[in-house]
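Heads up, run-v9.cif below (mmCIF, C-alpha atoms):
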```
data_work
#
loop_
_atom_site.label_atom_id
_atom_site.label_comp_id
_atom_site.auth_asym_id
_atom_site.auth_seq_id
_atom_site.Cartn_x
_atom_site.Cartn_y
_atom_site.Cartn_z
CA MET A 290 20.74 1.11 -7.85
CA ALA A 291 22.24 -1.80 -5.92
CA GLY A 292 20.05 -0.95 -2.93
CA VAL A 293 16.91 -1.14 -5.09
CA LEU A 294 17.86 -4.52 -6.52
CA ILE A 295 18.83 -5.92 -3.12
CA GLY A 296 15.57 -4.73 -1.58
CA PHE A 297 13.49 -6.35 -4.31
CA ALA A 298 15.53 -9.56 -4.10
CA ILE A 299 14.83 -9.86 -0.38
CA ILE A 300 11.12 -9.29 -0.86
CA GLY A 301 11.02 -11.79 -3.73
CA ALA A 302 12.72 -14.41 -1.57
CA VAL A 303 10.10 -14.10 1.17
CA ILE A 304 7.26 -14.28 -1.37
CA ALA A 305 8.88 -17.42 -2.84
CA VAL A 306 8.92 -19.03 0.60
CA GLY A 307 5.23 -18.22 0.96
CA TYR A 308 4.53 -19.84 -2.40
CA LEU A 309 6.39 -22.97 -1.31
CA VAL A 310 4.41 -23.07 1.95
CA GLY A 311 1.17 -22.82 0.01
CA ARG A 312 2.24 -25.42 -2.53
CA LEU A 313 3.17 -27.94 0.17
CA GLY A 314 0.01 -27.22 2.18
CA ILE A 315 2.03 -26.88 5.37
CA LEU A 316 -0.47 -24.59 7.13
CA GLY A 317 -3.67 -26.26 5.99
CA PRO A 318 -6.57 -25.16 3.80
CA HIS A 319 -7.65 -22.17 5.92
CA ALA A 320 -4.23 -20.60 6.36
CA GLU A 321 -4.78 -17.67 3.99
CA PHE A 322 -7.99 -16.65 5.73
CA VAL A 323 -6.46 -16.89 9.22
CA LEU A 324 -3.19 -15.16 8.35
CA GLY A 325 -5.06 -12.42 6.48
CA ARG A 326 -7.21 -11.59 9.50
CA PHE A 327 -4.22 -11.87 11.84
CA ALA A 328 -2.23 -9.39 9.74
CA PHE A 329 -5.21 -7.02 9.39
CA PHE A 330 -6.38 -6.97 13.00
CA VAL A 331 -3.15 -7.46 14.98
CA LEU A 332 0.16 -7.14 13.16
CA SER A 333 -0.38 -4.22 10.77
CA PRO A 334 -1.97 -1.88 13.37
CA ALA A 335 1.08 -2.33 15.62
CA LEU A 336 3.44 -1.60 12.73
CA LEU A 337 1.58 1.52 11.60
CA PHE A 338 1.48 2.81 15.17
CA THR A 339 5.25 2.59 15.60
CA VAL A 340 6.10 3.95 12.13
CA LEU A 341 4.03 7.10 12.56
CA ALA A 342 4.81 7.57 16.26
CA GLU A 343 8.53 7.69 15.53
CA ALA A 344 8.32 9.83 12.37
CA ASP A 345 9.46 13.45 12.35
CA ALA A 346 6.33 15.62 12.19
CA ARG A 347 8.15 18.24 10.09
CA GLN A 348 9.10 15.62 7.50
CA LEU A 349 5.55 14.26 7.50
CA PHE A 350 4.15 17.60 6.34
CA SER A 351 6.87 18.55 3.84
CA ALA A 352 6.30 19.66 0.24
CA LEU A 353 6.39 16.02 -0.81
CA LEU A 354 2.98 15.46 0.77
CA PRO A 355 0.86 17.55 -1.66
CA VAL A 356 2.72 16.16 -4.68
CA SER A 357 2.15 12.59 -3.53
CA ALA A 358 -1.49 13.37 -2.79
CA VAL A 359 -2.20 14.85 -6.24
CA ALA A 360 -0.44 11.97 -8.03
CA ALA A 361 -2.19 9.24 -6.04
CA LEU A 362 -5.67 10.78 -6.08
CA SER A 363 -5.46 11.54 -9.82
CA CYS A 364 -4.73 7.91 -10.67
CA MET A 365 -7.41 6.64 -8.31
CA LEU A 366 -9.96 9.02 -9.80
CA VAL A 367 -9.20 7.86 -13.34
CA PHE A 368 -9.69 4.23 -12.31
CA VAL A 369 -12.96 5.02 -10.51
CA LEU A 370 -14.37 6.87 -13.51
CA VAL A 371 -13.51 4.06 -15.93
CA ALA A 372 -14.39 1.11 -13.68
CA ARG A 373 -17.57 2.50 -12.19
CA PHE A 374 -19.10 4.42 -15.07
CA VAL A 375 -17.75 2.60 -18.15
CA TRP A 376 -17.29 -0.99 -16.98
CA ARG A 377 -20.05 -0.80 -14.32
CA ARG A 378 -17.98 -2.43 -11.59
CA ALA A 379 -19.46 -2.78 -8.12
CA VAL A 380 -18.30 -0.39 -5.40
CA PRO A 381 -15.99 -2.86 -3.57
CA GLU A 382 -14.27 -3.93 -6.80
CA THR A 383 -13.91 -0.31 -7.85
CA THR A 384 -12.41 0.59 -4.48
CA ILE A 385 -9.83 -2.21 -4.55
CA GLY A 386 -8.89 -1.32 -8.14
CA ALA A 387 -8.52 2.35 -7.24
CA LEU A 388 -6.21 1.44 -4.37
CA ALA A 389 -4.18 -0.76 -6.70
CA SER A 390 -3.79 2.28 -9.00
CA GLY A 391 -2.44 4.75 -6.44
CA TYR A 392 -1.61 3.10 -3.10
CA ALA A 393 2.18 2.73 -3.08
CA ASN A 394 4.25 0.22 -1.16
CA ALA A 395 5.78 2.94 1.00
CA ASN A 396 6.52 0.64 3.94
CA ASN A 397 7.88 -2.68 2.68
CA ILE A 398 9.73 -1.24 -0.32
CA GLY A 399 9.53 2.53 0.14
CA LEU A 400 11.43 2.69 3.42
CA PRO A 401 14.38 0.54 2.20
CA ILE A 402 14.57 2.44 -1.10
CA ALA A 403 14.38 5.78 0.70
CA ALA A 404 17.27 4.66 2.87
CA TYR A 405 19.45 3.04 0.18
CA VAL A 406 18.71 5.26 -2.83
CA LEU A 407 17.63 8.62 -1.39
CA GLY A 408 19.86 8.50 1.67
CA ASP A 409 17.12 9.12 4.24
CA PRO A 410 14.19 6.83 5.13
CA ALA A 411 12.24 9.90 6.27
CA PHE A 412 11.55 10.71 2.60
CA ALA A 413 8.91 7.97 2.68
CA ALA A 414 7.12 9.50 5.68
CA PRO A 415 4.77 11.91 3.81
CA ILE A 416 3.33 9.22 1.53
CA ILE A 417 2.97 6.87 4.51
CA LEU A 418 1.03 9.62 6.29
CA LEU A 419 -1.19 10.24 3.27
CA GLN A 420 -2.04 6.58 2.87
CA LEU A 421 -2.50 5.58 6.49
CA VAL A 422 -4.31 8.62 7.82
CA ILE A 423 -6.39 9.67 4.79
CA LEU A 424 -6.66 7.01 2.07
CA THR A 425 -6.91 3.95 4.33
CA PRO A 426 -9.77 5.22 6.55
CA ILE A 427 -11.78 6.34 3.52
CA ALA A 428 -11.20 3.11 1.57
CA LEU A 429 -11.90 0.83 4.54
CA THR A 430 -15.07 2.72 5.37
CA ILE A 431 -16.30 2.33 1.79
CA LEU A 432 -15.41 -1.37 1.77
CA ASP A 433 -17.03 -1.97 5.13
CA VAL A 434 -20.28 -0.23 4.24
CA SER A 435 -20.52 -1.60 0.67
CA THR A 436 -19.85 -5.22 1.68
CA SER A 437 -21.97 -5.26 4.83
CA GLY A 438 -25.10 -4.08 3.04
CA THR A 439 -25.74 -1.63 5.87
CA LEU A 440 -25.53 2.10 5.26
CA SER A 441 -26.11 4.35 8.22
CA VAL A 442 -24.59 7.49 9.67
CA GLY A 443 -23.70 5.60 12.82
CA ARG A 444 -21.84 2.87 10.95
CA VAL A 445 -19.85 5.40 8.93
CA LEU A 446 -19.00 7.56 11.94
CA SER A 447 -18.04 4.56 14.06
CA GLN A 448 -15.63 3.18 11.44
CA PRO A 449 -12.57 4.90 12.96
CA ILE A 450 -13.15 3.31 16.36
CA ARG A 451 -13.95 -0.12 14.91
CA ASN A 452 -10.97 -0.47 12.58
CA PRO A 453 -7.62 -1.35 14.18
CA LEU A 454 -5.59 0.05 11.25
CA ILE A 455 -7.17 3.47 11.65
CA ILE A 456 -6.80 3.38 15.43
CA GLY A 457 -3.11 2.46 15.22
CA SER A 458 -2.39 5.13 12.59
CA ALA A 459 -4.27 7.86 14.47
CA LEU A 460 -2.54 7.13 17.77
CA GLY A 461 0.87 7.07 16.10
CA LEU A 462 0.23 10.39 14.34
CA LEU A 463 -0.94 11.92 17.62
CA LEU A 464 2.33 11.00 19.33
CA SER A 465 4.36 12.33 16.40
CA VAL A 466 2.58 15.68 16.24
CA THR A 467 2.59 16.25 20.00
CA GLY A 468 6.17 15.09 20.41
CA VAL A 469 5.25 12.67 23.17
CA GLU A 470 7.69 9.78 23.57
CA LEU A 471 6.41 6.70 25.33
CA PRO A 472 8.83 4.67 27.49
CA GLU A 473 10.77 1.99 25.67
CA ALA A 474 9.09 -0.68 27.78
CA VAL A 475 5.72 0.47 26.41
CA MET A 476 6.80 0.72 22.77
CA GLU A 477 8.81 -2.51 22.57
CA PRO A 478 5.79 -4.88 22.48
CA PHE A 479 4.40 -2.89 19.55
CA HIS A 480 7.79 -3.14 17.82
CA LEU A 481 7.91 -6.89 18.31
CA ILE A 482 4.36 -7.46 17.06
CA GLY A 483 4.65 -4.96 14.22
CA ALA A 484 7.91 -6.50 13.02
CA ALA A 485 5.95 -9.61 12.05
CA ALA A 486 3.54 -7.67 9.80
CA VAL A 487 5.72 -7.28 6.70
CA PRO A 488 6.98 -10.89 6.49
CA THR A 489 3.51 -12.25 7.28
CA VAL A 490 1.85 -10.24 4.52
CA LEU A 491 4.61 -11.20 2.06
CA LEU A 492 4.28 -14.88 2.98
CA LEU A 493 0.50 -14.62 2.64
CA PHE A 494 0.93 -13.03 -0.77
CA GLY A 495 3.25 -15.83 -1.87
CA MET A 496 0.76 -18.46 -0.65
CA SER A 497 -1.98 -16.81 -2.71
CA LEU A 498 0.03 -17.34 -5.90
CA HIS A 499 -0.10 -21.12 -5.67
CA GLY A 500 -2.49 -22.71 -8.13
CA ARG A 501 -3.24 -19.45 -9.93
CA ARG A 502 -2.03 -17.87 -13.15
CA ILE A 503 -1.39 -14.19 -13.64
CA LEU A 504 -4.12 -12.50 -15.69
CA GLU A 505 -6.10 -15.71 -15.90
CA PRO A 506 -9.63 -15.60 -17.37
CA GLY A 507 -12.15 -14.18 -14.94
CA SER A 508 -9.53 -12.34 -12.88
CA GLY A 509 -10.48 -8.89 -14.14
CA ARG A 510 -7.79 -8.42 -16.78
CA ARG A 511 -8.93 -4.98 -17.88
CA ASP A 512 -8.97 -3.75 -14.29
CA ILE A 513 -5.48 -5.13 -13.66
CA VAL A 514 -3.97 -3.64 -16.83
CA LEU A 515 -5.52 -0.24 -16.12
CA ALA A 516 -4.36 -0.25 -12.50
CA VAL A 517 -0.81 -1.30 -13.45
CA GLY A 518 -0.54 1.38 -16.15
CA LEU A 519 -1.77 4.08 -13.80
CA LYS A 520 0.54 3.00 -10.98
CA ILE A 521 3.79 2.51 -12.89
CA VAL A 522 3.47 5.09 -15.70
CA ALA A 523 0.88 7.73 -14.85
CA MET A 524 1.57 8.22 -11.14
CA PRO A 525 5.31 9.03 -11.37
CA THR A 526 4.66 11.17 -14.46
CA ILE A 527 2.05 13.23 -12.60
CA ALA A 528 4.37 13.53 -9.60
CA TRP A 529 7.14 14.87 -11.85
CA ILE A 530 4.85 17.39 -13.54
CA VAL A 531 3.34 18.68 -10.29
CA GLY A 532 6.64 18.68 -8.43
CA ALA A 533 8.73 20.34 -11.13
CA PHE A 534 6.30 22.74 -12.78
CA VAL A 535 3.77 23.54 -10.05
CA LEU A 536 5.78 23.48 -6.81
CA GLY A 537 9.19 24.12 -8.37
CA LEU A 538 10.96 21.15 -6.80
CA THR A 539 14.44 20.36 -8.07
CA GLY A 540 17.32 18.06 -7.22
CA LEU A 541 16.89 15.47 -4.50
CA PRO A 542 13.32 16.46 -3.42
CA LEU A 543 12.02 16.09 -6.99
CA PHE A 544 13.90 12.83 -7.48
CA ALA A 545 12.51 11.53 -4.18
CA VAL A 546 8.88 12.28 -4.90
CA VAL A 547 9.03 10.70 -8.37
CA VAL A 548 10.79 7.60 -7.04
CA LEU A 549 8.17 7.17 -4.32
CA ALA A 550 5.38 7.59 -6.87
CA ALA A 551 6.89 4.77 -8.97
CA LEU A 552 6.80 2.27 -6.11
CA PRO A 553 4.66 -0.81 -6.74
CA THR A 554 1.17 -1.34 -5.37
CA ALA A 555 1.28 -2.06 -1.64
CA GLN A 556 0.64 -5.53 -0.27
CA ASN A 557 -1.87 -3.84 2.04
CA VAL A 558 -4.22 -3.58 -0.93
CA PHE A 559 -4.11 -7.35 -1.27
CA ASN A 560 -4.61 -7.62 2.50
CA TYR A 561 -7.75 -5.46 2.29
CA ALA A 562 -9.07 -7.48 -0.64
CA VAL A 563 -8.60 -10.72 1.31
CA ARG A 564 -10.19 -9.20 4.41
CA PHE A 565 -13.37 -8.18 2.55
CA GLU A 566 -13.20 -11.06 0.04
CA ARG A 567 -13.62 -8.82 -3.01
CA ALA A 568 -11.42 -8.34 -6.11
CA VAL A 569 -8.67 -10.55 -4.68
CA PRO A 570 -7.26 -11.51 -8.13
CA VAL A 571 -7.10 -7.85 -9.15
CA ALA A 572 -5.18 -6.90 -6.01
CA ARG A 573 -2.90 -9.95 -6.20
CA ASP A 574 -1.97 -9.52 -9.86
CA ALA A 575 -1.56 -5.75 -9.57
CA VAL A 576 0.82 -6.14 -6.65
CA LEU A 577 2.90 -8.78 -8.43
CA ILE A 578 3.06 -7.09 -11.84
CA THR A 579 3.81 -3.61 -10.47
CA THR A 580 6.51 -5.07 -8.22
CA VAL A 581 8.25 -6.54 -11.28
CA LEU A 582 7.77 -3.47 -13.49
CA SER A 583 8.79 -0.95 -10.85
CA VAL A 584 12.41 -2.14 -11.04
CA PRO A 585 13.04 -0.92 -14.63
CA ALA A 586 10.85 2.12 -13.92
CA LEU A 587 13.03 3.12 -10.97
CA ILE A 588 16.19 2.57 -13.00
CA VAL A 589 14.91 4.91 -15.75
CA ILE A 590 13.89 7.54 -13.18
CA ALA A 591 17.31 7.35 -11.54
CA ALA A 592 19.04 7.78 -14.89
CA LEU A 593 16.94 10.87 -15.73
CA LEU A 594 16.47 12.64 -12.38
CA ALA A 595 19.09 11.46 -9.88
CA PRO A 596 21.20 14.43 -8.67
CA ARG A 597 24.68 14.29 -10.12
#
```
Same coordinates, now as structure tokens:
Amino acid sequence: MAGVLIGFAIIGAVIAVGYLVGRLGILGPHAEFVLGRFAFFVLSPALLFTVLAEADARQLFSALLPVSAVAALSCMLVFVLVARFVWRRAVPETTIGALASGYANANNIGLPIAAYVLGDPAFAAPIILLQLVILTPIALTILDVSTSGTLSVGRVLSQPIRNPLIIGSALGLLLSVTGVELPEAVMEPFHLIGAAAVPTVLLLFGMSLHGRRILEPGSGRRDIVLAVGLKIVAMPTIAWIVGAFVLGLTGLPLFAVVVLAALPTAQNVFNYAVRFERAVPVARDAVLITTVLSVPALIVIAALLAPR
């Protein structure tokens, strides 16, 4: 588990730097807004394009994909039912909470853990595909429509061509499926720009922690607790049940899918919350708490399921 602990230590260090930057006010009062939009519209699309373009199409559509899909969608559905129909949350807040419940950090943490713990970073590819090509377009469309106050067929249908994250993901998937390899001179600018996405989002997350307390009054405590429980406990449990007893996975594939399901909530959820200015405390606290709790969760999973 040394790889897991090292990966989390590196991420924690970058977040700490972001907190220090926010505390000292180095970037000014509007830094979070500017960096959030920069990451959403420029950096993240470039990263998603390169990740999917260079992924093995066969690995993308392996048996891990349906297990990850069932686990993620089940947790999201539970949150939606409780938040929307019991707590009467608005659609944007419900959407952000649902993402916090089932959208795993498959890039920033998943890829290093897949490499260090599972022995192959390609294990993270199916869940990356699920999130970037299916969950992200749906969630961003809902957030866009519900926060703009405009609901029309044209606005919904035009969402894919107006959202840079969806465009980058779709183009990357197209290259992966078709097997087309662009020249290195064409791909390198995307690599350079995309490489800044992860540290920028982590720094932005650290900056957002300054002057705020975890689970502070008015932050949506019930939503946060529900999302954290679903993400850290329910999602890996569902992945284990579906993988082992429905699809018959054993050994390394079963271990891999449960490990990936136990990853913390992705910083992208916080990025989306900042972009649309809704449920930011819920996203921020869910990301932080699940990141801390996922370490013991992964250790327990490794002790129970790691191939001997």
Subject >> Counting only C-alpha atoms, the residue of A:Leu492, A:Leu536, A:Ala545, A:Val576 that sits nearest Tyr308 of chain A >> reply: A:Leu492
For segment 411-414 of chain A, please output as a JSON list (two decimals) with C-alpha atoms, in the frame of the given file all residues within 9 Å (counting only C-alpha atoms; exclusion window: fewer than 2 positions along the same chain).
```
[["chain", "number", "residue", "atom", "x", "y", "z"],
["A", 340, "VAL", "CA", 6.10, 3.95, 12.13],
["A", 341, "LEU", "CA", 4.03, 7.10, 12.56],
["A", 344, "ALA", "CA", 8.32, 9.83, 12.37],
["A", 345, "ASP", "CA", 9.46, 13.45, 12.35],
["A", 346, "ALA", "CA", 6.33, 15.62, 12.19],
["A", 348, "GLN", "CA", 9.10, 15.62, 7.50],
["A", 349, "LEU", "CA", 5.55, 14.26, 7.50],
["A", 350, "PHE", "CA", 4.15, 17.60, 6.34],
["A", 353, "LEU", "CA", 6.39, 16.02, -0.81],
["A", 354, "LEU", "CA", 2.98, 15.46, 0.77],
["A", 395, "ALA", "CA", 5.78, 2.94, 1.00],
["A", 396, "ASN", "CA", 6.52, 0.64, 3.94],
["A", 399, "GLY", "CA", 9.53, 2.53, 0.14],
["A", 400, "LEU", "CA", 11.43, 2.69, 3.42],
["A", 402, "ILE", "CA", 14.57, 2.44, -1.10],
["A", 403, "ALA", "CA", 14.38, 5.78, 0.70],
["A", 404, "ALA", "CA", 17.27, 4.66, 2.87],
["A", 407, "LEU", "CA", 17.63, 8.62, -1.39],
["A", 408, "GLY", "CA", 19.86, 8.50, 1.67],
["A", 409, "ASP", "CA", 17.12, 9.12, 4.24],
["A", 416, "ILE", "CA", 3.33, 9.22, 1.53],
["A", 417, "ILE", "CA", 2.97, 6.87, 4.51],
["A", 418, "LEU", "CA", 1.03, 9.62, 6.29],
["A", 419, "LEU", "CA", -1.19, 10.24, 3.27],
["A", 542, "PRO", "CA", 13.32, 16.46, -3.42],
["A", 545, "ALA", "CA", 12.51, 11.53, -4.18],
["A", 546, "VAL", "CA", 8.88, 12.28, -4.90],
["A", 549, "LEU", "CA", 8.17, 7.17, -4.32]]
```
Subject >> Residues in the PyMOL selection byres ((chain A and resi 307) around 6), expressed as a PyMOL selection string >> reply: chain A and resi 304-306+308-310+492+495-496
**OP:** Taking the file above as input, evaluate the PyMOL selection byres ((chain A and resi 374-389) around 7) and report the hits as number ranges by chain.
**Re:** A: 365, 368-373, 390-392, 428, 432, 435-436, 512, 516, 554, 558, 562, 567-568, 571-572, 575
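Evaluated against the shown file, the PyMOL selection byres ((chain A and resi 552) around 8) gives Ala393, Asn394, Ala395, Ile398, Gly399, Lys520, Ile521, Val548, Leu549, Ala550, Ala551, Pro553, Thr554, Thr579, Thr580, Ser583 and Leu587 of chain A.
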Original post:
Using only C-alpha atoms, which residue out of A:Thr539, A:Val517, A:Arg510, A:Leu454 lies closest to Leu582 of chain A?
Top reply: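 When distances to Leu582 of chain A are compared using only C-alpha atoms, the smallest one comes from A:Val517.
In terms of minimum interatomic distance to Met476 of chain A, A:Ala342 ranks closest within A:Val490, A:Ala342, A:Ala320, A:Leu332, counting all atoms listed in the file.
From atom CA of Thr339 of chain A back to atom CA of Val487 of chain A, the distance works out to 13.3 Å.
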Original post:
Suppose you want the space between atom CA of Leu362 of chain A and atom CA of Leu429 of chain A; what is it in Å?
Top reply: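 These atoms are spaced 15.8 Å apart.
Here atom CA of Ser465 of chain A and atom CA of Glu343 of chain A stand 6.3 Å from one another.
Among the candidate residues A:Val563, A:Ala591, A:Leu421, A:Leu366, the one lying nearest to Val406 of chain A is A:Ala591, with distances computed using only C-alpha atoms.
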Which centre and edge lengths in Å to one decimal define the box along x, y and z that fits every listed atom of segment 545-559 of chain A plus 6 Å per side, as lines of an AutoDock Vina configuration file?
```
center_x = 4.1
center_y = 2.5
center_z = -3.5
size_x = 28.7
size_y = 31.6
size_z = 23.0
```
Subject >> Proximity to His499 of chain A - best of A:Met524, A:Leu424, A:Arg573, A:Phe330, all atoms listed in the file >> reply: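 Closest candidate: A:Arg573.
Minimum atom-to-atom distances from A:Pro478, A:Pro570, A:Pro426, A:Pro334 to Arg502 of chain A were compared using all atoms listed in the file, and the lowest value belongs to A:Pro570.
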Will you model all heavy atoms for segment 368-378 of chain A and pass it back as an mmCIF file, keeping the file's coordinate frame?
```cif
data_model
loop_
_atom_site.group_PDB
_atom_site.id
_atom_site.type_symbol
_atom_site.label_atom_id
_atom_site.label_comp_id
_atom_site.auth_asym_id
_atom_site.auth_seq_id
_atom_site.Cartn_x
_atom_site.Cartn_y
_atom_site.Cartn_z
ATOM 1 N N PHE A 368 -9.215 5.618 -12.389
ATOM 2 C CA PHE A 368 -9.690 4.230 -12.310
ATOM 3 C C PHE A 368 -11.167 4.191 -11.919
ATOM 4 O O PHE A 368 -11.942 3.419 -12.498
ATOM 5 C CB PHE A 368 -8.876 3.437 -11.293
ATOM 6 C CG PHE A 368 -9.227 1.970 -11.293
ATOM 7 C CD1 PHE A 368 -8.521 1.083 -12.083
ATOM 8 C CD2 PHE A 368 -10.287 1.482 -10.534
ATOM 9 C CE1 PHE A 368 -8.862 -0.266 -12.119
ATOM 10 C CE2 PHE A 368 -10.635 0.145 -10.561
ATOM 11 C CZ PHE A 368 -9.922 -0.734 -11.354
ATOM 12 N N VAL A 369 -11.561 5.002 -10.957
ATOM 13 C CA VAL A 369 -12.960 5.020 -10.510
ATOM 14 C C VAL A 369 -13.884 5.403 -11.656
ATOM 15 O O VAL A 369 -14.935 4.778 -11.870
ATOM 16 C CB VAL A 369 -13.139 5.990 -9.330
ATOM 17 C CG1 VAL A 369 -14.626 6.227 -9.045
ATOM 18 C CG2 VAL A 369 -12.458 5.436 -8.083
ATOM 19 N N LEU A 370 -13.522 6.417 -12.419
ATOM 20 C CA LEU A 370 -14.370 6.870 -13.510
ATOM 21 C C LEU A 370 -14.539 5.787 -14.575
ATOM 22 O O LEU A 370 -15.648 5.553 -15.072
ATOM 23 C CB LEU A 370 -13.772 8.135 -14.146
ATOM 24 C CG LEU A 370 -13.783 9.390 -13.267
ATOM 25 C CD1 LEU A 370 -13.070 10.533 -13.967
ATOM 26 C CD2 LEU A 370 -15.212 9.796 -12.913
ATOM 27 N N VAL A 371 -13.435 5.108 -14.908
ATOM 28 C CA VAL A 371 -13.510 4.060 -15.930
ATOM 29 C C VAL A 371 -14.234 2.832 -15.396
ATOM 30 O O VAL A 371 -15.146 2.297 -16.048
ATOM 31 C CB VAL A 371 -12.093 3.680 -16.413
ATOM 32 C CG1 VAL A 371 -12.152 2.493 -17.374
ATOM 33 C CG2 VAL A 371 -11.425 4.875 -17.096
ATOM 34 N N ALA A 372 -13.838 2.361 -14.219
ATOM 35 C CA ALA A 372 -14.390 1.110 -13.680
ATOM 36 C C ALA A 372 -15.855 1.247 -13.307
ATOM 37 O O ALA A 372 -16.666 0.353 -13.582
ATOM 38 C CB ALA A 372 -13.574 0.663 -12.471
ATOM 39 N N ARG A 373 -16.198 2.351 -12.692
ATOM 40 C CA ARG A 373 -17.570 2.500 -12.190
ATOM 41 C C ARG A 373 -18.554 2.915 -13.269
ATOM 42 O O ARG A 373 -19.679 2.396 -13.332
ATOM 43 C CB ARG A 373 -17.569 3.542 -11.057
ATOM 44 C CG ARG A 373 -18.903 3.734 -10.359
ATOM 45 C CD ARG A 373 -19.317 2.500 -9.621
ATOM 46 N NE ARG A 373 -20.574 2.707 -8.897
ATOM 47 C CZ ARG A 373 -21.365 1.732 -8.508
ATOM 48 N NH1 ARG A 373 -21.036 0.476 -8.783
ATOM 49 N NH2 ARG A 373 -22.477 1.978 -7.867
ATOM 50 N N PHE A 374 -18.143 3.841 -14.134
ATOM 51 C CA PHE A 374 -19.100 4.420 -15.070
ATOM 52 C C PHE A 374 -18.987 3.885 -16.500
ATOM 53 O O PHE A 374 -19.895 4.094 -17.293
ATOM 54 C CB PHE A 374 -18.951 5.946 -15.079
ATOM 55 C CG PHE A 374 -19.201 6.563 -13.731
ATOM 56 C CD1 PHE A 374 -18.159 7.023 -12.946
ATOM 57 C CD2 PHE A 374 -20.490 6.651 -13.230
ATOM 58 C CE1 PHE A 374 -18.387 7.581 -11.696
ATOM 59 C CE2 PHE A 374 -20.729 7.201 -11.986
ATOM 60 C CZ PHE A 374 -19.684 7.665 -11.218
ATOM 61 N N VAL A 375 -17.887 3.213 -16.819
ATOM 62 C CA VAL A 375 -17.750 2.600 -18.150
ATOM 63 C C VAL A 375 -17.928 1.095 -18.050
ATOM 64 O O VAL A 375 -18.718 0.499 -18.797
ATOM 65 C CB VAL A 375 -16.384 2.941 -18.779
ATOM 66 C CG1 VAL A 375 -16.248 2.262 -20.143
ATOM 67 C CG2 VAL A 375 -16.228 4.462 -18.918
ATOM 68 N N TRP A 376 -17.209 0.466 -17.122
ATOM 69 C CA TRP A 376 -17.290 -0.990 -16.980
ATOM 70 C C TRP A 376 -18.365 -1.438 -15.998
ATOM 71 O O TRP A 376 -18.615 -2.632 -15.858
ATOM 72 C CB TRP A 376 -15.932 -1.539 -16.535
ATOM 73 C CG TRP A 376 -14.846 -1.324 -17.544
ATOM 74 C CD1 TRP A 376 -15.008 -1.112 -18.889
ATOM 75 C CD2 TRP A 376 -13.437 -1.302 -17.297
ATOM 76 N NE1 TRP A 376 -13.796 -0.954 -19.494
ATOM 77 C CE2 TRP A 376 -12.810 -1.072 -18.555
ATOM 78 C CE3 TRP A 376 -12.654 -1.458 -16.165
ATOM 79 C CZ2 TRP A 376 -11.421 -0.987 -18.680
ATOM 80 C CZ3 TRP A 376 -11.281 -1.381 -16.278
ATOM 81 C CH2 TRP A 376 -10.668 -1.148 -17.516
ATOM 82 N N ARG A 377 -18.958 -0.508 -15.261
ATOM 83 C CA ARG A 377 -20.050 -0.800 -14.320
ATOM 84 C C ARG A 377 -19.623 -1.777 -13.218
ATOM 85 O O ARG A 377 -20.358 -2.671 -12.839
ATOM 86 C CB ARG A 377 -21.276 -1.369 -15.064
ATOM 87 C CG ARG A 377 -21.807 -0.465 -16.161
ATOM 88 C CD ARG A 377 -22.311 0.831 -15.584
ATOM 89 N NE ARG A 377 -22.858 1.709 -16.654
ATOM 90 C CZ ARG A 377 -23.330 2.931 -16.438
ATOM 91 N NH1 ARG A 377 -23.326 3.422 -15.215
ATOM 92 N NH2 ARG A 377 -23.794 3.651 -17.444
ATOM 93 N N ARG A 378 -18.441 -1.596 -12.688
ATOM 94 C CA ARG A 378 -17.980 -2.430 -11.590
ATOM 95 C C ARG A 378 -18.714 -2.058 -10.296
ATOM 96 O O ARG A 378 -19.105 -0.908 -10.095
ATOM 97 C CB ARG A 378 -16.476 -2.264 -11.374
ATOM 98 C CG ARG A 378 -15.634 -2.701 -12.561
ATOM 99 C CD ARG A 378 -15.636 -4.211 -12.715
ATOM 100 N NE ARG A 378 -14.676 -4.638 -13.729
ATOM 101 C CZ ARG A 378 -14.989 -4.967 -14.973
ATOM 102 N NH1 ARG A 378 -16.262 -4.920 -15.358
ATOM 103 N NH2 ARG A 378 -14.064 -5.348 -15.836
#
```
